[in-house]
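entry_34.tsv (TSV, C-alpha atoms and all ligand atoms) appears below.
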```tsv
chain	number	residue	atom	x	y	z
A	2	MET	CA	-3.35	-15.00	9.55
A	3	LYS	CA	-0.44	-15.95	7.37
A	4	ARG	CA	2.28	-14.17	5.51
A	5	ALA	CA	3.39	-14.75	1.96
A	6	VAL	CA	5.86	-13.65	-0.64
A	7	LEU	CA	3.76	-12.88	-3.69
A	8	LEU	CA	5.85	-13.52	-6.76
A	9	ASP	CA	5.59	-12.17	-10.24
A	10	ARG	CA	6.67	-15.01	-12.53
A	11	ASP	CA	8.31	-13.88	-15.77
A	12	GLY	CA	11.52	-11.98	-15.07
A	13	VAL	CA	11.54	-13.02	-11.41
A	14	LEU	CA	11.41	-16.83	-11.41
A	15	ASN	CA	12.16	-17.44	-15.08
A	16	ALA	CA	13.71	-15.67	-18.03
A	17	LEU	CA	11.80	-13.85	-20.71
A	18	VAL	CA	12.06	-15.43	-24.15
A	19	TRP	CA	12.78	-13.80	-27.51
A	20	TYR	CA	10.14	-14.57	-30.15
A	21	ALA	CA	10.78	-13.57	-33.74
A	22	ASP	CA	7.14	-13.10	-34.67
A	23	THR	CA	6.65	-10.32	-32.12
A	24	GLU	CA	10.31	-9.25	-32.05
A	25	ALA	CA	10.02	-9.03	-28.31
A	26	ARG	CA	11.17	-10.80	-25.17
A	27	GLU	CA	8.05	-12.09	-23.51
A	28	SER	CA	6.51	-14.88	-21.43
A	29	PRO	CA	7.53	-18.42	-22.42
A	30	ARG	CA	4.84	-19.88	-24.66
A	31	PHE	CA	5.95	-23.51	-24.52
A	32	PRO	CA	7.50	-25.73	-21.81
A	33	LYS	CA	10.74	-26.04	-23.82
A	34	ASP	CA	11.13	-22.25	-23.58
A	35	LEU	CA	10.93	-22.08	-19.78
A	36	TYR	CA	14.26	-21.37	-18.10
A	37	VAL	CA	14.16	-21.00	-14.31
A	38	PHE	CA	16.98	-18.78	-13.07
A	39	ALA	CA	19.68	-20.92	-11.45
A	40	ASN	CA	19.48	-19.31	-8.01
A	41	VAL	CA	15.69	-19.27	-7.74
A	42	PRO	CA	15.02	-22.77	-6.33
A	43	ALA	CA	17.39	-22.23	-3.40
A	44	ALA	CA	15.85	-18.83	-2.70
A	45	LEU	CA	12.36	-20.36	-2.66
A	46	ARG	CA	13.53	-23.16	-0.36
A	47	ARG	CA	14.97	-20.65	2.09
A	48	LEU	CA	11.78	-18.58	2.13
A	49	HIS	CA	9.63	-21.70	2.55
A	50	ASP	CA	11.81	-23.00	5.37
A	51	ALA	CA	11.44	-19.63	7.13
A	52	GLY	CA	7.66	-19.98	7.07
A	53	TRP	CA	6.72	-17.83	4.09
A	54	LEU	CA	3.98	-19.00	1.76
A	55	LEU	CA	5.06	-18.72	-1.88
A	56	LEU	CA	2.33	-17.59	-4.26
A	57	VAL	CA	2.75	-16.63	-7.91
A	58	VAL	CA	0.62	-13.76	-9.22
A	59	SER	CA	1.10	-13.32	-12.95
A	60	ASN	CA	-0.49	-11.64	-15.97
A	61	GLN	CA	-0.62	-14.07	-18.92
A	62	PRO	CA	-2.50	-12.21	-21.65
A	63	ASN	CA	-1.32	-14.41	-24.54
A	64	ILE	CA	-4.57	-16.37	-24.41
A	65	ALA	CA	-6.59	-13.20	-24.87
A	66	LYS	CA	-4.19	-12.13	-27.62
A	67	GLY	CA	-4.62	-15.45	-29.43
A	68	LYS	CA	-0.90	-16.26	-29.18
A	69	SER	CA	-1.27	-19.16	-26.74
A	70	THR	CA	-3.87	-21.70	-25.81
A	71	ARG	CA	-4.87	-22.47	-22.25
A	72	GLN	CA	-3.33	-25.92	-22.70
A	73	GLU	CA	0.02	-24.38	-23.66
A	74	LEU	CA	0.04	-22.04	-20.67
A	75	ASP	CA	-0.97	-24.89	-18.37
A	76	ALA	CA	1.94	-26.89	-19.78
A	77	VAL	CA	4.35	-24.01	-19.08
A	78	HIS	CA	3.06	-23.84	-15.51
A	79	ALA	CA	3.50	-27.60	-15.10
A	80	GLU	CA	7.06	-27.28	-16.42
A	81	LEU	CA	7.75	-24.54	-13.87
A	82	LEU	CA	6.57	-26.78	-11.04
A	83	ALA	CA	8.61	-29.69	-12.42
A	84	GLN	CA	11.82	-27.67	-12.69
A	85	LEU	CA	11.36	-26.31	-9.17
A	86	ALA	CA	10.57	-29.76	-7.79
A	87	SER	CA	13.71	-31.20	-9.38
A	88	HIS	CA	15.63	-28.77	-7.16
A	89	GLY	CA	13.55	-29.37	-4.06
A	90	ALA	CA	11.47	-26.21	-4.29
A	91	ARG	CA	7.71	-25.76	-4.48
A	92	LEU	CA	5.04	-23.12	-4.65
A	93	ASP	CA	1.99	-22.90	-2.40
A	94	GLY	CA	-0.21	-21.58	-5.18
A	95	ALA	CA	-0.38	-19.66	-8.43
A	96	TYR	CA	-2.85	-17.07	-9.64
A	97	TYR	CA	-2.96	-16.07	-13.27
A	98	CYS	CA	-4.84	-13.35	-15.12
A	99	PHE	CA	-5.51	-14.58	-18.67
A	100	HIS	CA	-7.24	-11.38	-19.81
A	101	HIS	CA	-6.23	-8.33	-21.77
A	102	PRO	CA	-8.35	-5.18	-21.99
A	103	ASP	CA	-7.73	-4.73	-25.73
A	104	PHE	CA	-9.33	-8.09	-26.48
A	105	LYS	CA	-12.00	-8.56	-23.85
A	106	ALA	CA	-13.86	-6.50	-21.32
A	107	PRO	CA	-11.53	-5.14	-18.64
A	108	CYS	CA	-11.09	-7.50	-15.69
A	109	THR	CA	-10.29	-6.79	-12.07
A	110	CYS	CA	-7.37	-9.19	-11.81
A	111	ARG	CA	-4.84	-7.87	-14.34
A	112	LYS	CA	-1.96	-6.18	-12.51
A	113	PRO	CA	-1.59	-3.27	-11.68
A	114	GLN	CA	-4.98	-4.02	-10.21
A	115	PRO	CA	-4.79	-6.00	-6.96
A	116	GLY	CA	-7.35	-8.69	-7.86
A	117	LEU	CA	-4.93	-11.63	-8.03
A	118	LEU	CA	-3.36	-10.63	-4.73
A	119	LEU	CA	-6.73	-10.21	-3.04
A	120	GLN	CA	-7.84	-13.62	-4.31
A	121	ALA	CA	-4.63	-15.17	-2.97
A	122	ALA	CA	-5.17	-13.44	0.37
A	123	LYS	CA	-8.71	-14.73	0.65
A	124	GLU	CA	-7.79	-18.32	-0.17
A	125	HIS	CA	-4.71	-18.42	2.06
A	126	ASP	CA	-5.89	-16.19	4.94
A	127	LEU	CA	-3.07	-13.72	4.36
A	128	ASP	CA	-2.32	-10.60	6.34
A	129	LEU	CA	-1.43	-8.49	3.29
A	130	ALA	CA	0.32	-5.87	5.40
A	131	GLN	CA	2.81	-8.59	6.36
A	132	CYS	CA	3.26	-9.81	2.79
A	133	TRP	CA	5.82	-8.83	0.17
A	134	MET	CA	5.12	-8.45	-3.53
A	135	VAL	CA	8.25	-9.12	-5.60
A	136	GLY	CA	8.26	-8.10	-9.25
A	137	ASP	CA	10.39	-6.75	-12.06
A	138	THR	CA	8.02	-4.07	-13.36
A	139	ASP	CA	6.18	-1.04	-12.06
A	140	THR	CA	2.97	-2.95	-12.75
A	141	ASP	CA	3.89	-5.45	-10.05
A	142	ILE	CA	4.83	-2.75	-7.57
A	143	ALA	CA	1.59	-0.85	-8.19
A	144	ALA	CA	-0.44	-4.03	-7.65
A	145	GLY	CA	1.42	-4.72	-4.43
A	146	HIS	CA	0.79	-1.25	-3.11
A	147	ALA	CA	-2.87	-1.41	-4.14
A	148	ALA	CA	-3.23	-4.61	-2.12
A	149	GLY	CA	-1.51	-3.09	0.91
A	150	CYS	CA	1.66	-5.18	0.65
A	151	ARG	CA	5.26	-4.22	1.02
A	152	THR	CA	7.00	-4.27	-2.34
A	153	ALA	CA	10.40	-5.23	-3.71
A	154	LYS	CA	11.59	-4.60	-7.25
A	155	VAL	CA	14.11	-6.97	-8.80
A	156	ARG	CA	15.94	-6.49	-12.05
A	157	GLU	CA	15.15	-8.91	-14.84
A	158	PRO	CA	18.72	-10.02	-15.66
A	159	ARG	CA	18.83	-9.46	-19.39
A	160	GLY	CA	16.18	-6.80	-19.53
A	161	ALA	CA	16.95	-3.26	-20.50
A	162	ALA	CA	17.04	-1.00	-17.50
A	163	ARG	CA	13.47	0.07	-17.00
A	164	VAL	CA	12.55	3.53	-15.93
A	165	SER	CA	10.73	3.30	-12.62
A	166	THR	CA	7.91	5.69	-12.04
A	167	ILE	CA	6.71	3.99	-8.86
A	168	ALA	CA	8.93	3.65	-5.81
A	169	ALA	CA	9.14	0.17	-4.35
A	170	ASP	CA	9.85	-0.33	-0.66
A	171	ALA	CA	13.05	-2.15	-1.58
A	172	THR	CA	15.18	-2.78	-4.65
A	173	CYS	CA	17.11	-6.03	-5.00
A	174	ALA	CA	19.31	-7.56	-7.68
A	175	ASP	CA	17.21	-10.71	-7.86
A	176	LEU	CA	15.05	-13.06	-5.83
A	177	ALA	CA	18.09	-14.60	-4.14
A	178	GLN	CA	19.18	-11.21	-2.82
A	179	PHE	CA	15.62	-10.44	-1.76
A	180	ALA	CA	15.48	-13.69	0.24
A	181	GLU	CA	18.87	-13.05	1.78
A	182	ARG	CA	17.90	-9.56	2.87
A	183	LEU	CA	14.43	-10.54	4.10
A	184	LEU	CA	15.71	-13.45	6.17
A	185	SER	CA	18.64	-11.52	7.59
A	186	GLY	CA	16.30	-8.75	8.71
A	187	THR	CA	17.84	-6.02	6.59
A	188	LEU	CA	14.71	-5.22	4.58
A	189	ARG	CA	12.63	-2.41	5.90
A	190	ALA	CA	9.32	-1.32	4.52
A	191	GLY	CA	9.09	2.29	3.45
B	1	MG	MG	7.59	-9.77	-14.83
B	2	ZN	ZN	-7.76	-10.60	-15.46
```
Would you put the structure from the file into C-alpha cells?
Amino acid sequence: MKRAVLLDRDGVLNALVWYADTEARESPRFPKDLYVFANVPAALRRLHDAGWLLLVVSNQPNIAKGKSTRQELDAVHAELLAQLASHGARLDGAYYCFHHPDFKAPCTCRKPQPGLLLQAAKEHDLDLAQCWMVGDTDTDIAAGHAAGCRTAKVREPRGAARVSTIAADATCADLAQFAERLLSGTLRAG
C-alpha cells in the first residue's frame, strides 16, 4: 500500500480571491484568478521526490451554487496543473466535490465527510493511517480524522485567524514548513 499527502487546494496550494459580488474571499472562479503560492511548487517537488503521492481533495460548491460552470472549474484546475508544471511540480490526482447541501441532496463526498479521501485511497491503494491530510480549515481536519489520516493545519496567509474547534495532529505555517518538518522527521502524529 502507498502513502500520500492529501491536499486541500484553496488556501493551501493557491490563494483565495476577493469577489465583489459576494464580498468574500473564495475559490478562484477563472484561470486568471489562480495564484499558486510561491513556495508551493518546491514543497510539492520535495514531497514527490521523497515518495509521497500528492492528491488534491477539494470542495468546489460554486457549480451547485450557480456561480461557476463545470467548464470554468475545469479551466481553473488546468491552470493549476500548468502553473505547477512550469515549476517542475505535479500532482498524482485530484478529487473534487461539486455539491452543496443547500442546493442539492446531501452527498457523501463534501468535506468534513471523508468521501473524497476514501475515493482517493481506493484508486491509489493508500494506507490512510500512513497518510497526511493538509488543510487550512477545521473542515479539512475533520475529514482527515474521519478517514483515519494524520492531519496538519496550515494558515491561509491572508486569511483572518480562524478559531479552531478541532485539534490537528500538527500545525504548520504553510505547505513548505509542513514538507520540511515531515521530511526531517520532526512531525509526530498525536
Ligand atoms: Mg481551504
Ligand atoms: Zn459531494
Using only C-alpha atoms, which of A:Pro42, A:Gly116, A:Pro102, A:Gly52 sits nearest Arg4 of chain A? A:Gly52
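For ligand MG 1 (chain B), the neighbouring polymer residues at 7 Å or closer are Asp9, Arg10, Asp11, Gly12, Val13, Gly136, Asp137 and Thr138 of chain A, only C-alpha atoms and all ligand atoms being used.
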Could you list, with a cut-off of 9 Å and counting only C-alpha atoms, the residues of segment 47-131 of chain A near segment 33-39 of chain A, each shown with its nearest atom pair and the distance in Å rounded to one decimal, rows sorted by chain and ascending number, as a Markdown table?
```
| residue | atom | partner | partner_atom | distance |
| --- | --- | --- | --- | --- |
| A:Val77 | CA | A:Leu35 | CA | 6.9 |
| A:Glu80 | CA | A:Leu35 | CA | 7.3 |
| A:Leu81 | CA | A:Leu35 | CA | 7.1 |
| A:Gln84 | CA | A:Val37 | CA | 7.3 |
| A:Leu85 | CA | A:Val37 | CA | 7.9 |
```
Residues near Ala79 of chain A, cut-off 12 Å, all atoms listed in the file, skip fewer than 3 positions along chain, as a ChimeraX atom specification: /A:31-33,35,72-76,82-86,91-92,95
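Proximity of A:Lys68, A:Lys154, A:His78, A:Lys3 to Tyr96 of chain A, computed with only C-alpha atoms, is greatest for A:His78.
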Wanna dump the chain A-ligand ZN 2 (chain B) contacts at 6 Å for me, each residue with its shortest atom pair and the distance in Å to one decimal, counting only C-alpha atoms and all ligand atoms, ordered by chain and number, as a tab-separated table?
```
residue	atom	partner	partner_atom	distance
A:Cys98	CA	B:ZN2	ZN	4.0
A:Phe99	CA	B:ZN2	ZN	5.6
A:His100	CA	B:ZN2	ZN	4.4
A:Cys108	CA	B:ZN2	ZN	4.6
A:Thr109	CA	B:ZN2	ZN	5.7
A:Cys110	CA	B:ZN2	ZN	3.9
A:Arg111	CA	B:ZN2	ZN	4.2
```
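Each of A:Asp128, A:Asp103, A:Glu24, A:Asp139 was checked against Trp53 of chain A using all atoms listed in the file; the smallest atom-to-atom distance is that of A:Asp128.
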If I put a ball of radius 12 Å at (12.7, -7.7, 5.0) in the file's coordinates, which residues poke into it when counting all atoms listed in the file, written as a PyMOL selection string? chain A and resi 6+48+53+131-135+151-153+170-173+178-191
Using only C-alpha atoms - which residues lie no farther than 6 Å from the point (1.6, -22.7, -0.6) in the file's frame? Write them as a ChimeraX atom specification. /A:54-55,92-94
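When atom CA of Arg46 of chain A is paired with atom CA of Ser87 of chain A, their separation reads 12.1 Å.
Here atom CA of Gly67 of chain A is placed at a distance of 25.4 Å from atom CA of Gln120 of chain A.
Going from atom CA of Asn60 of chain A to atom CA of Ala143 of chain A covers 13.5 Å.
With distances restricted to only C-alpha atoms, A:Ala148 is the closest residue to Lys123 of chain A from A:Ala148, A:Asn63, A:Ala177, A:Pro29.
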Please complete segment 16-27 of chain A so it has all heavy atoms, and hand it over as a PDB file, in the coordinates of the input.
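So out_33.pdb came out as:
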```
ATOM      1  N   ALA A  16      13.283 -16.647 -17.035  1.00  0.00           N
ATOM      2  CA  ALA A  16      13.710 -15.670 -18.030  1.00  0.00           C
ATOM      3  C   ALA A  16      12.598 -15.384 -19.038  1.00  0.00           C
ATOM      4  O   ALA A  16      11.760 -16.245 -19.321  1.00  0.00           O
ATOM      5  CB  ALA A  16      14.936 -16.186 -18.770  1.00  0.00           C
ATOM      6  N   LEU A  17      12.627 -14.180 -19.561  1.00  0.00           N
ATOM      7  CA  LEU A  17      11.800 -13.850 -20.710  1.00  0.00           C
ATOM      8  C   LEU A  17      12.424 -14.497 -21.949  1.00  0.00           C
ATOM      9  O   LEU A  17      13.618 -14.787 -21.982  1.00  0.00           O
ATOM     10  CB  LEU A  17      11.707 -12.336 -20.883  1.00  0.00           C
ATOM     11  CG  LEU A  17      11.094 -11.593 -19.684  1.00  0.00           C
ATOM     12  CD1 LEU A  17      11.161 -10.088 -19.906  1.00  0.00           C
ATOM     13  CD2 LEU A  17       9.663 -12.019 -19.444  1.00  0.00           C
ATOM     14  N   VAL A  18      11.620 -14.703 -22.967  1.00  0.00           N
ATOM     15  CA  VAL A  18      12.060 -15.430 -24.150  1.00  0.00           C
ATOM     16  C   VAL A  18      11.857 -14.556 -25.396  1.00  0.00           C
ATOM     17  O   VAL A  18      10.812 -13.921 -25.555  1.00  0.00           O
ATOM     18  CB  VAL A  18      11.240 -16.732 -24.332  1.00  0.00           C
ATOM     19  CG1 VAL A  18      11.754 -17.537 -25.526  1.00  0.00           C
ATOM     20  CG2 VAL A  18      11.276 -17.559 -23.057  1.00  0.00           C
ATOM     21  N   TRP A  19      12.875 -14.551 -26.256  1.00  0.00           N
ATOM     22  CA  TRP A  19      12.780 -13.800 -27.510  1.00  0.00           C
ATOM     23  C   TRP A  19      11.951 -14.591 -28.525  1.00  0.00           C
ATOM     24  O   TRP A  19      12.233 -15.762 -28.781  1.00  0.00           O
ATOM     25  CB  TRP A  19      14.168 -13.523 -28.091  1.00  0.00           C
ATOM     26  CG  TRP A  19      14.121 -12.928 -29.459  1.00  0.00           C
ATOM     27  CD1 TRP A  19      14.203 -13.594 -30.641  1.00  0.00           C
ATOM     28  CD2 TRP A  19      13.961 -11.539 -29.773  1.00  0.00           C
ATOM     29  NE1 TRP A  19      14.108 -12.701 -31.684  1.00  0.00           N
ATOM     30  CE2 TRP A  19      13.948 -11.440 -31.192  1.00  0.00           C
ATOM     31  CE3 TRP A  19      13.830 -10.380 -29.000  1.00  0.00           C
ATOM     32  CZ2 TRP A  19      13.814 -10.209 -31.842  1.00  0.00           C
ATOM     33  CZ3 TRP A  19      13.696  -9.159 -29.651  1.00  0.00           C
ATOM     34  CH2 TRP A  19      13.683  -9.080 -31.050  1.00  0.00           C
ATOM     35  N   TYR A  20      10.927 -13.953 -29.076  1.00  0.00           N
ATOM     36  CA  TYR A  20      10.140 -14.570 -30.150  1.00  0.00           C
ATOM     37  C   TYR A  20      10.215 -13.686 -31.386  1.00  0.00           C
ATOM     38  O   TYR A  20       9.964 -12.475 -31.314  1.00  0.00           O
ATOM     39  CB  TYR A  20       8.685 -14.770 -29.722  1.00  0.00           C
ATOM     40  CG  TYR A  20       8.528 -15.872 -28.708  1.00  0.00           C
ATOM     41  CD1 TYR A  20       8.263 -15.570 -27.370  1.00  0.00           C
ATOM     42  CD2 TYR A  20       8.658 -17.207 -29.078  1.00  0.00           C
ATOM     43  CE1 TYR A  20       8.135 -16.584 -26.427  1.00  0.00           C
ATOM     44  CE2 TYR A  20       8.537 -18.223 -28.142  1.00  0.00           C
ATOM     45  CZ  TYR A  20       8.274 -17.904 -26.821  1.00  0.00           C
ATOM     46  OH  TYR A  20       8.155 -18.912 -25.889  1.00  0.00           O
ATOM     47  N   ALA A  21      10.561 -14.322 -32.504  1.00  0.00           N
ATOM     48  CA  ALA A  21      10.780 -13.570 -33.740  1.00  0.00           C
ATOM     49  C   ALA A  21       9.494 -12.945 -34.266  1.00  0.00           C
ATOM     50  O   ALA A  21       9.525 -11.871 -34.867  1.00  0.00           O
ATOM     51  CB  ALA A  21      11.385 -14.482 -34.805  1.00  0.00           C
ATOM     52  N   ASP A  22       8.367 -13.621 -34.060  1.00  0.00           N
ATOM     53  CA  ASP A  22       7.140 -13.100 -34.670  1.00  0.00           C
ATOM     54  C   ASP A  22       6.699 -11.777 -34.043  1.00  0.00           C
ATOM     55  O   ASP A  22       6.103 -10.939 -34.724  1.00  0.00           O
ATOM     56  CB  ASP A  22       6.000 -14.137 -34.617  1.00  0.00           C
ATOM     57  CG  ASP A  22       5.609 -14.540 -33.212  1.00  0.00           C
ATOM     58  OD1 ASP A  22       6.439 -14.379 -32.289  1.00  0.00           O
ATOM     59  OD2 ASP A  22       4.488 -15.030 -33.028  1.00  0.00           O
ATOM     60  N   THR A  23       6.999 -11.597 -32.758  1.00  0.00           N
ATOM     61  CA  THR A  23       6.650 -10.320 -32.120  1.00  0.00           C
ATOM     62  C   THR A  23       7.874  -9.421 -31.954  1.00  0.00           C
ATOM     63  O   THR A  23       7.739  -8.271 -31.534  1.00  0.00           O
ATOM     64  CB  THR A  23       6.026 -10.556 -30.729  1.00  0.00           C
ATOM     65  OG1 THR A  23       6.894 -11.413 -29.976  1.00  0.00           O
ATOM     66  CG2 THR A  23       4.654 -11.202 -30.848  1.00  0.00           C
ATOM     67  N   GLU A  24       9.057  -9.979 -32.263  1.00  0.00           N
ATOM     68  CA  GLU A  24      10.310  -9.250 -32.050  1.00  0.00           C
ATOM     69  C   GLU A  24      10.363  -8.648 -30.656  1.00  0.00           C
ATOM     70  O   GLU A  24      10.695  -7.480 -30.459  1.00  0.00           O
ATOM     71  CB  GLU A  24      10.498  -8.172 -33.130  1.00  0.00           C
ATOM     72  CG  GLU A  24      10.624  -8.757 -34.527  1.00  0.00           C
ATOM     73  CD  GLU A  24      11.135  -7.738 -35.550  1.00  0.00           C
ATOM     74  OE1 GLU A  24      10.872  -6.537 -35.359  1.00  0.00           O
ATOM     75  OE2 GLU A  24      11.796  -8.162 -36.516  1.00  0.00           O
ATOM     76  N   ALA A  25      10.030  -9.491 -29.695  1.00  0.00           N
ATOM     77  CA  ALA A  25      10.020  -9.030 -28.310  1.00  0.00           C
ATOM     78  C   ALA A  25      10.380 -10.184 -27.381  1.00  0.00           C
ATOM     79  O   ALA A  25      10.187 -11.358 -27.717  1.00  0.00           O
ATOM     80  CB  ALA A  25       8.635  -8.495 -27.938  1.00  0.00           C
ATOM     81  N   ARG A  26      10.927  -9.831 -26.220  1.00  0.00           N
ATOM     82  CA  ARG A  26      11.170 -10.800 -25.170  1.00  0.00           C
ATOM     83  C   ARG A  26       9.914 -10.842 -24.320  1.00  0.00           C
ATOM     84  O   ARG A  26       9.468  -9.819 -23.819  1.00  0.00           O
ATOM     85  CB  ARG A  26      12.396 -10.403 -24.350  1.00  0.00           C
ATOM     86  CG  ARG A  26      13.672 -10.448 -25.212  1.00  0.00           C
ATOM     87  CD  ARG A  26      14.880  -9.929 -24.464  1.00  0.00           C
ATOM     88  NE  ARG A  26      15.241 -10.840 -23.382  1.00  0.00           N
ATOM     89  CZ  ARG A  26      15.195 -10.522 -22.103  1.00  0.00           C
ATOM     90  NH1 ARG A  26      14.835  -9.319 -21.730  1.00  0.00           N
ATOM     91  NH2 ARG A  26      15.547 -11.395 -21.195  1.00  0.00           N
ATOM     92  N   GLU A  27       9.333 -11.992 -24.178  1.00  0.00           N
ATOM     93  CA  GLU A  27       8.050 -12.090 -23.510  1.00  0.00           C
ATOM     94  C   GLU A  27       7.938 -13.395 -22.736  1.00  0.00           C
ATOM     95  O   GLU A  27       8.906 -14.154 -22.630  1.00  0.00           O
ATOM     96  CB  GLU A  27       6.917 -11.953 -24.536  1.00  0.00           C
ATOM     97  CG  GLU A  27       7.052 -12.912 -25.707  1.00  0.00           C
ATOM     98  CD  GLU A  27       5.872 -12.801 -26.663  1.00  0.00           C
ATOM     99  OE1 GLU A  27       5.876 -11.919 -27.550  1.00  0.00           O
ATOM    100  OE2 GLU A  27       4.956 -13.621 -26.511  1.00  0.00           O
TER     101      GLU A  27
END
```
